[in-house]
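Q: Mind looking over this structure? Questions follow.
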Amino acid sequence: MGWKGVLGFDYGVVQAPLGPDISGPELAAAVANAGAIGLLRLPDWPAPDHVRGLIQRTRSLTEKPFGAAIVLAFPHEENLRVVLEEKLAVLQVYWGEFPKERVDEAHRAGVKVLHQVGNLEEAAKAKEAGVDGIIVQGREAGGHVIGQEGLLPLLPRVVDLVSDSTVSVIAAGGIVDGRGYAAALALGAHGVCLGTSFVATEESFAHPLYKKKLIEMNCTDYTAVFGRARWPGAPQRVLKTPFYVEWKNLPDHETEENQPIIGHSIIHGVVCITCLFLLNLSPHSAFRN
């Protein structure tokens, strides 16, 4: 495939949307200025005025095209409307259905659609819907993980699935350097999507301590212990901290809803309650607002 861009961008690198309020205007603009695909992570609740402000702030930092990401499992219609009205270059969606009529709506607004999937069946639906690109996420990915199998077995199957179309295939999960990029290209991908590497950047809104731990630690684990009430069925890959090791065998009936409240966080301008067992040194933790 060669080291070339995707969807009209200079480079075949996508910055994953990351957790709420982690990939803001500064990060998306920095990625866009470098010629890759920068994505704003939009709120998981209706906030159209705030979304428009995020887009305007990003445009003040770059003249390059960029996009926004929406988690379909949460209320998103009002935020989606703003993305289309503002005619962003790319809309990334995942964790839900985005049928052909929605893709066509985006295309009429001049917005290209990337759908992130975790299995072959979801990839087939995305292809039939007419998306411009499919992000194939393997189980190795960080944060909330929709992929239920390894990237290397899944990726070539999706490549074969879309081989008779113009859909770009982008690999995600465990890719951190040029070797991973080259491996993805060898399996037929057109580009790669990186998350954790961008979390650790200066422009990321992640806490400095978490960025430090990302660099220092090399052990992660796949778990469903965090955010069970807010986002059930959405497992995560987290740092294997002493705190996590202590709490990882939490009984299934225990959720953030029945834990003591120890503080509040501000996410996209909304005050969110922080519960004791959400402090896993991860920006992808669940919150109750």
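Simple scheme: letters A, B, ... for chains in structure tokens order, numbers from 1 for residues in each chain, numbers from 1 for ligands in the order shown.
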Got a sec: who's within 12 Å of Gly174 of chain A, counting only C-alpha atoms, leaving out chain neighbours fewer than 5 positions off, as a PyMOL selection string?

A: chain A and resi 136-143+145+147+150-152+179-181+183-184+192-197+218+220+237

Q: Given the selection you just returned, output its residues as a file containing N, CA and C atoms, formatted as a tab-separated table (two decimals), in the first residue's frame.

A:
```
chain	number	residue	atom	x	y	z
A	136	VAL	N	-10.97	-0.91	12.06
A	136	VAL	CA	-11.06	-2.26	12.61
A	136	VAL	C	-10.31	-2.28	13.93
A	137	GLN	N	-11.05	-2.40	15.03
A	137	GLN	CA	-10.43	-2.36	16.35
A	137	GLN	C	-10.25	-3.77	16.90
A	138	GLY	N	-9.00	-4.09	17.26
A	138	GLY	CA	-8.71	-5.35	17.90
A	138	GLY	C	-8.83	-5.26	19.41
A	139	ARG	N	-8.82	-6.41	20.04
A	139	ARG	CA	-8.97	-6.49	21.49
A	139	ARG	C	-7.79	-5.85	22.23
A	140	GLU	N	-6.69	-5.60	21.51
A	140	GLU	CA	-5.51	-5.02	22.13
A	140	GLU	C	-5.67	-3.54	22.44
A	141	ALA	N	-6.71	-2.92	21.92
A	141	ALA	CA	-6.88	-1.47	22.05
A	141	ALA	C	-7.07	-1.05	23.50
A	142	GLY	N	-6.77	0.22	23.77
A	142	GLY	CA	-6.96	0.77	25.10
A	142	GLY	C	-8.31	1.44	25.24
A	143	GLY	N	-8.63	1.85	26.47
A	143	GLY	CA	-9.92	2.48	26.72
A	143	GLY	C	-11.05	1.49	26.56
A	145	VAL	N	-13.29	-0.97	24.65
A	145	VAL	CA	-12.89	-1.82	23.53
A	145	VAL	C	-14.11	-2.53	22.94
A	147	GLY	N	-13.72	-4.24	20.08
A	147	GLY	CA	-13.15	-5.43	19.46
A	147	GLY	C	-13.12	-6.61	20.42
A	150	GLY	N	-8.45	-10.58	18.36
A	150	GLY	CA	-7.19	-9.91	18.06
A	150	GLY	C	-7.23	-9.20	16.73
A	151	LEU	N	-6.46	-8.11	16.62
A	151	LEU	CA	-6.44	-7.33	15.39
A	151	LEU	C	-5.89	-8.12	14.20
A	152	LEU	N	-4.82	-8.85	14.40
A	152	LEU	CA	-4.18	-9.53	13.27
A	152	LEU	C	-5.08	-10.57	12.60
A	179	ARG	N	6.68	0.08	13.23
A	179	ARG	CA	6.61	-1.37	13.01
A	179	ARG	C	5.17	-1.84	12.98
A	180	GLY	N	4.35	-1.31	13.90
A	180	GLY	CA	2.94	-1.67	13.90
A	180	GLY	C	2.24	-1.15	12.66
A	181	TYR	N	2.61	0.04	12.24
A	181	TYR	CA	2.04	0.63	11.02
A	181	TYR	C	2.38	-0.25	9.82
A	183	ALA	N	3.16	-3.41	9.80
A	183	ALA	CA	2.45	-4.69	9.90
A	183	ALA	C	1.01	-4.55	9.43
A	184	ALA	N	0.37	-3.45	9.79
A	184	ALA	CA	-1.01	-3.22	9.36
A	184	ALA	C	-1.09	-3.08	7.85
A	192	VAL	N	-3.68	3.59	9.94
A	192	VAL	CA	-3.77	3.12	11.33
A	192	VAL	C	-4.43	4.18	12.19
A	193	CYS	N	-5.04	3.72	13.28
A	193	CYS	CA	-5.66	4.60	14.26
A	193	CYS	C	-4.96	4.37	15.59
A	194	LEU	N	-4.43	5.43	16.18
A	194	LEU	CA	-3.71	5.34	17.44
A	194	LEU	C	-4.45	6.12	18.52
A	195	GLY	N	-4.52	5.55	19.72
A	195	GLY	CA	-5.18	6.23	20.82
A	195	GLY	C	-4.23	6.55	21.95
A	196	THR	N	-3.67	5.52	22.59
A	196	THR	CA	-2.85	5.72	23.78
A	196	THR	C	-1.68	6.65	23.51
A	197	SER	N	-1.05	6.53	22.36
A	197	SER	CA	0.09	7.40	22.04
A	197	SER	C	-0.32	8.87	22.06
A	218	ASN	N	4.12	-0.82	31.61
A	218	ASN	CA	3.96	-1.60	30.39
A	218	ASN	C	3.00	-2.78	30.56
A	220	THR	N	-0.98	-3.95	31.06
A	220	THR	CA	-2.40	-3.57	30.99
A	220	THR	C	-3.26	-4.81	31.23
A	237	ARG	N	-9.63	-1.67	28.39
A	237	ARG	CA	-8.24	-2.03	28.67
A	237	ARG	C	-7.65	-0.90	29.51
```

Q: Applying 9 Å and only C-alpha atoms, which residues near segment 97-100 of chain A remain after dropping the ones on its own chain fewer than 5 positions away? List them as a list in words.

A: Leu72, Ala73, Glu105, His115, Glu122, Lys125, Ala126, Glu128, Ala129, Gly130 and Val131 of chain A

Q: Find, counting only C-alpha atoms, the residue in A:Val176, A:Val93, A:Val71, A:Leu120 that gets nearest to Val162 of chain A.

A: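 Using only C-alpha atoms, Val162 of chain A sits closest to A:Leu120.
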
Q: Can you list, as a ChimeraX atom specification, every protein, DNA or RNA residue that comes within 12 Å of Val6 of chain A when you count only C-alpha atoms, leaving out same-chain residues fewer than 6 positions away?

A: /A:12-14,35-37,90,112,114,132-135,166-170,189-193

Q: Using DSSP assignments from the backbone, pull out every residue in segment 148-287 of chain A that falls under helix (DSSP H, G or I) and give it to me as an MDAnalysis selection string.

A: chainID A and resid 151:161 178:186 196:199 208:216 242:247 256:258 276:278

Q: Selected residues, C-alpha atoms, written as a CSV table (one decimal), in the first residue's frame, please.

A:
```csv
chain,number,residue,atom,x,y,z
A,151,LEU,CA,-6.4,-7.3,15.4
A,152,LEU,CA,-4.2,-9.5,13.3
A,153,PRO,CA,-6.8,-12.3,12.6
A,154,LEU,CA,-9.6,-9.8,12.1
A,155,LEU,CA,-7.9,-7.2,9.9
A,156,PRO,CA,-7.3,-9.2,6.7
A,157,ARG,CA,-10.8,-10.6,6.8
A,158,VAL,CA,-12.2,-7.1,6.7
A,159,VAL,CA,-9.8,-6.1,4.0
A,160,ASP,CA,-11.0,-9.1,1.9
A,161,LEU,CA,-14.6,-8.1,2.7
A,178,GLY,CA,6.3,2.4,12.6
A,179,ARG,CA,6.6,-1.4,13.0
A,180,GLY,CA,2.9,-1.7,13.9
A,181,TYR,CA,2.0,0.6,11.0
A,182,ALA,CA,4.1,-1.5,8.6
A,183,ALA,CA,2.5,-4.7,9.9
A,184,ALA,CA,-1.0,-3.2,9.4
A,185,LEU,CA,-0.1,-2.2,5.8
A,186,ALA,CA,1.2,-5.7,5.1
A,196,THR,CA,-2.9,5.7,23.8
A,197,SER,CA,0.1,7.4,22.0
A,198,PHE,CA,-2.0,10.5,21.6
A,199,VAL,CA,-3.3,10.4,25.2
A,208,PRO,CA,-0.3,14.7,33.8
A,209,LEU,CA,0.0,11.8,36.3
A,210,TYR,CA,-1.8,9.5,33.9
A,211,LYS,CA,0.4,10.6,31.0
A,212,LYS,CA,3.4,9.8,33.2
A,213,LYS,CA,2.1,6.3,34.1
A,214,LEU,CA,1.4,5.6,30.4
A,215,ILE,CA,5.1,6.1,29.7
A,216,GLU,CA,6.4,4.3,32.8
A,242,PRO,CA,-2.1,-1.5,42.4
A,243,PHE,CA,-5.5,0.0,42.7
A,244,TYR,CA,-6.9,-1.9,39.8
A,245,VAL,CA,-5.4,-5.2,41.0
A,246,GLU,CA,-7.1,-4.7,44.4
A,247,TRP,CA,-10.5,-4.0,42.7
A,256,GLU,CA,-20.5,3.0,40.4
A,257,GLU,CA,-24.1,3.6,41.4
A,258,ASN,CA,-23.6,2.1,44.9
A,276,LEU,CA,-14.4,5.7,44.7
A,277,PHE,CA,-13.8,2.8,42.4
A,278,LEU,CA,-13.6,4.9,39.3
```

Q: Excluding segment 40-56 of chain A and residues on its chain fewer than 5 positions from it, collect all residues at most 7 Å away from it, counting only C-alpha atoms, and give them as an mmCIF file with C-alpha atoms, in the first residue's frame.

A:
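part34.cif written:
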```
data_model
loop_
_atom_site.group_PDB
_atom_site.id
_atom_site.type_symbol
_atom_site.label_atom_id
_atom_site.label_comp_id
_atom_site.auth_asym_id
_atom_site.auth_seq_id
_atom_site.Cartn_x
_atom_site.Cartn_y
_atom_site.Cartn_z
ATOM 1 C CA PRO A 17 -11.254 10.197 19.803
ATOM 2 C CA LEU A 18 -10.194 9.012 23.300
ATOM 3 C CA GLY A 19 -12.292 9.716 26.394
ATOM 4 C CA PRO A 20 -14.628 12.659 26.988
ATOM 5 C CA ASP A 21 -12.720 15.935 27.170
ATOM 6 C CA SER A 23 -9.104 15.040 22.688
ATOM 7 C CA GLY A 24 -10.112 18.676 22.543
ATOM 8 C CA PRO A 25 -9.368 21.440 20.032
ATOM 9 C CA ALA A 28 -7.280 17.662 17.102
ATOM 10 C CA GLY A 67 -13.352 15.648 12.271
ATOM 11 C CA ALA A 68 -15.434 14.707 15.281
ATOM 12 C CA ALA A 69 -16.392 11.440 16.950
ATOM 13 C CA ILE A 70 -19.722 10.321 18.386
ATOM 14 C CA VAL A 71 -20.493 7.283 20.548
ATOM 15 C CA PHE A 74 -25.456 7.693 24.066
ATOM 16 C CA PRO A 75 -27.790 10.556 23.033
ATOM 17 C CA HIS A 76 -26.160 12.089 19.972
ATOM 18 C CA GLU A 78 -28.273 17.174 18.471
ATOM 19 C CA ASN A 79 -24.479 16.934 18.433
ATOM 20 C CA VAL A 82 -24.012 20.425 14.478
ATOM 21 C CA HIS A 268 -17.259 19.433 28.728
#
```

Q: Quick one: of A:Ala224, A:Gly118, A:Met217, A:Leu84, who's nearest to Asp104 of chain A, counting only C-alpha atoms?

A: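 The shortest atom-to-atom distance to Asp104 of chain A comes from A:Leu84.
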
Q: Which residues come within 6 Å of Ala89 of chain A, counting only C-alpha atoms, excluding same-chain residues fewer than 3 positions away, as a list in words?

A: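 Non-adjacent residues within range: Pro65, Phe66, Gly67 and Val111 of chain A.
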
Q: Output C-alpha atoms of each residue in that selection to a file, as a PDB file, in the first residue's frame.

A:
```pdb
ATOM      1  CA  PRO A  65      -9.548  19.633   7.785  1.00  0.00           C
ATOM      2  CA  PHE A  66     -10.469  17.665  10.913  1.00  0.00           C
ATOM      3  CA  GLY A  67     -13.352  15.648  12.271  1.00  0.00           C
ATOM      4  CA  VAL A 111     -18.873  14.837   5.533  1.00  0.00           C
TER       5      VAL A 111
END
```

Q: Work out how far apart atom CA of His107 of chain A and atom CA of Glu63 of chain A are and give it in Å to one decimal.

A: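 If I compute the distance from atom CA of His107 of chain A to atom CA of Glu63 of chain A, I get 21.3 Å.
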
Q: Between atom CA of Glu149 of chain A and atom CA of Arg102 of chain A, what is the distance, to one decimal in Å?

A: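 Distance reported for this atom pair: 27.6 Å.
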
Q: Name the closest residue to Thr255 of chain A among the candidates A:Arg108, A:Phe226, A:Gly173, A:Gly269; distances are taken between atoms, counting only C-alpha atoms.

A: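 Result for the nearest residue to Thr255 of chain A: A:Phe226.
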
Q: If you run DSSP on this backbone, which residues of segment 156-275 of chain A come out as strand (DSSP E or B), and could you give them as a PyMOL selection string?

A: chain A and resi 168-172+191-194+220-223+236-239+261-267+270-275

Q: Those selected residues, please, written with N, CA and C atoms and delivered as a CSV table (one decimal), in the first residue's frame.

A:
```csv
chain,number,residue,atom,x,y,z
A,168,SER,N,-11.9,2.5,2.7
A,168,SER,CA,-10.6,2.4,3.3
A,168,SER,C,-10.7,1.7,4.6
A,169,VAL,N,-9.7,0.8,4.8
A,169,VAL,CA,-9.6,0.1,6.1
A,169,VAL,C,-8.5,0.6,6.9
A,170,ILE,N,-8.8,0.9,8.2
A,170,ILE,CA,-7.8,1.5,9.1
A,170,ILE,C,-7.7,0.6,10.3
A,171,ALA,N,-6.5,0.2,10.7
A,171,ALA,CA,-6.3,-0.7,11.8
A,171,ALA,C,-6.1,0.0,13.1
A,172,ALA,N,-6.7,-0.6,14.2
A,172,ALA,CA,-6.6,0.0,15.5
A,172,ALA,C,-6.4,-1.1,16.6
A,191,GLY,N,-4.4,2.5,6.5
A,191,GLY,CA,-3.9,3.4,7.5
A,191,GLY,C,-4.0,2.8,8.9
A,192,VAL,N,-3.7,3.6,9.9
A,192,VAL,CA,-3.8,3.1,11.3
A,192,VAL,C,-4.4,4.2,12.2
A,193,CYS,N,-5.0,3.7,13.3
A,193,CYS,CA,-5.7,4.6,14.3
A,193,CYS,C,-5.0,4.4,15.6
A,194,LEU,N,-4.4,5.4,16.2
A,194,LEU,CA,-3.7,5.3,17.4
A,194,LEU,C,-4.4,6.1,18.5
A,220,THR,N,-1.0,-3.9,31.1
A,220,THR,CA,-2.4,-3.6,31.0
A,220,THR,C,-3.3,-4.8,31.2
A,221,ASP,N,-4.6,-4.6,31.4
A,221,ASP,CA,-5.5,-5.7,31.6
A,221,ASP,C,-6.8,-5.4,30.9
A,222,TYR,N,-7.5,-6.4,30.5
A,222,TYR,CA,-8.8,-6.3,29.9
A,222,TYR,C,-9.9,-6.6,30.9
A,223,THR,N,-10.8,-5.7,31.1
A,223,THR,CA,-11.7,-5.8,32.3
A,223,THR,C,-13.1,-5.2,32.0
A,236,GLN,N,-13.1,-2.6,29.1
A,236,GLN,CA,-12.0,-1.6,28.9
A,236,GLN,C,-10.6,-2.3,29.0
A,237,ARG,N,-9.6,-1.7,28.4
A,237,ARG,CA,-8.2,-2.0,28.7
A,237,ARG,C,-7.7,-0.9,29.5
A,238,VAL,N,-7.1,-1.3,30.7
A,238,VAL,CA,-6.7,-0.3,31.6
A,238,VAL,C,-5.2,-0.6,32.1
A,239,LEU,N,-4.6,0.4,32.7
A,239,LEU,CA,-3.3,0.2,33.3
A,239,LEU,C,-3.5,-0.7,34.5
A,261,ILE,N,-19.5,8.7,47.0
A,261,ILE,CA,-19.0,9.8,46.2
A,261,ILE,C,-17.9,10.5,46.9
A,262,ILE,N,-16.8,10.7,46.2
A,262,ILE,CA,-15.6,11.3,46.8
A,262,ILE,C,-15.2,12.6,46.1
A,263,GLY,N,-15.9,13.0,45.1
A,263,GLY,CA,-15.6,14.3,44.5
A,263,GLY,C,-16.3,14.5,43.2
A,264,HIS,N,-16.0,15.6,42.5
A,264,HIS,CA,-16.6,16.0,41.3
A,264,HIS,C,-15.6,16.3,40.2
A,265,SER,N,-15.9,16.1,39.0
A,265,SER,CA,-15.0,16.4,37.8
A,265,SER,C,-15.9,17.3,36.9
A,266,ILE,N,-15.2,18.1,36.1
A,266,ILE,CA,-15.8,18.9,35.1
A,266,ILE,C,-15.5,18.3,33.7
A,267,ILE,N,-16.5,17.8,33.0
A,267,ILE,CA,-16.2,17.3,31.7
A,267,ILE,C,-17.1,18.0,30.7
A,270,VAL,N,-19.7,20.1,32.2
A,270,VAL,CA,-20.8,19.5,33.0
A,270,VAL,C,-20.1,18.9,34.3
A,271,VAL,N,-20.7,19.2,35.5
A,271,VAL,CA,-20.2,18.7,36.7
A,271,VAL,C,-20.6,17.2,36.8
A,272,CYS,N,-19.6,16.3,37.0
A,272,CYS,CA,-19.8,14.9,37.1
A,272,CYS,C,-19.3,14.4,38.4
A,273,ILE,N,-20.1,13.4,38.9
A,273,ILE,CA,-19.8,12.8,40.2
A,273,ILE,C,-18.7,11.8,40.0
A,274,THR,N,-17.7,11.8,40.9
A,274,THR,CA,-16.6,10.8,40.8
A,274,THR,C,-16.8,9.8,42.0
A,275,CYS,N,-16.9,8.5,41.7
A,275,CYS,CA,-17.0,7.5,42.7
A,275,CYS,C,-15.7,6.9,43.0
```
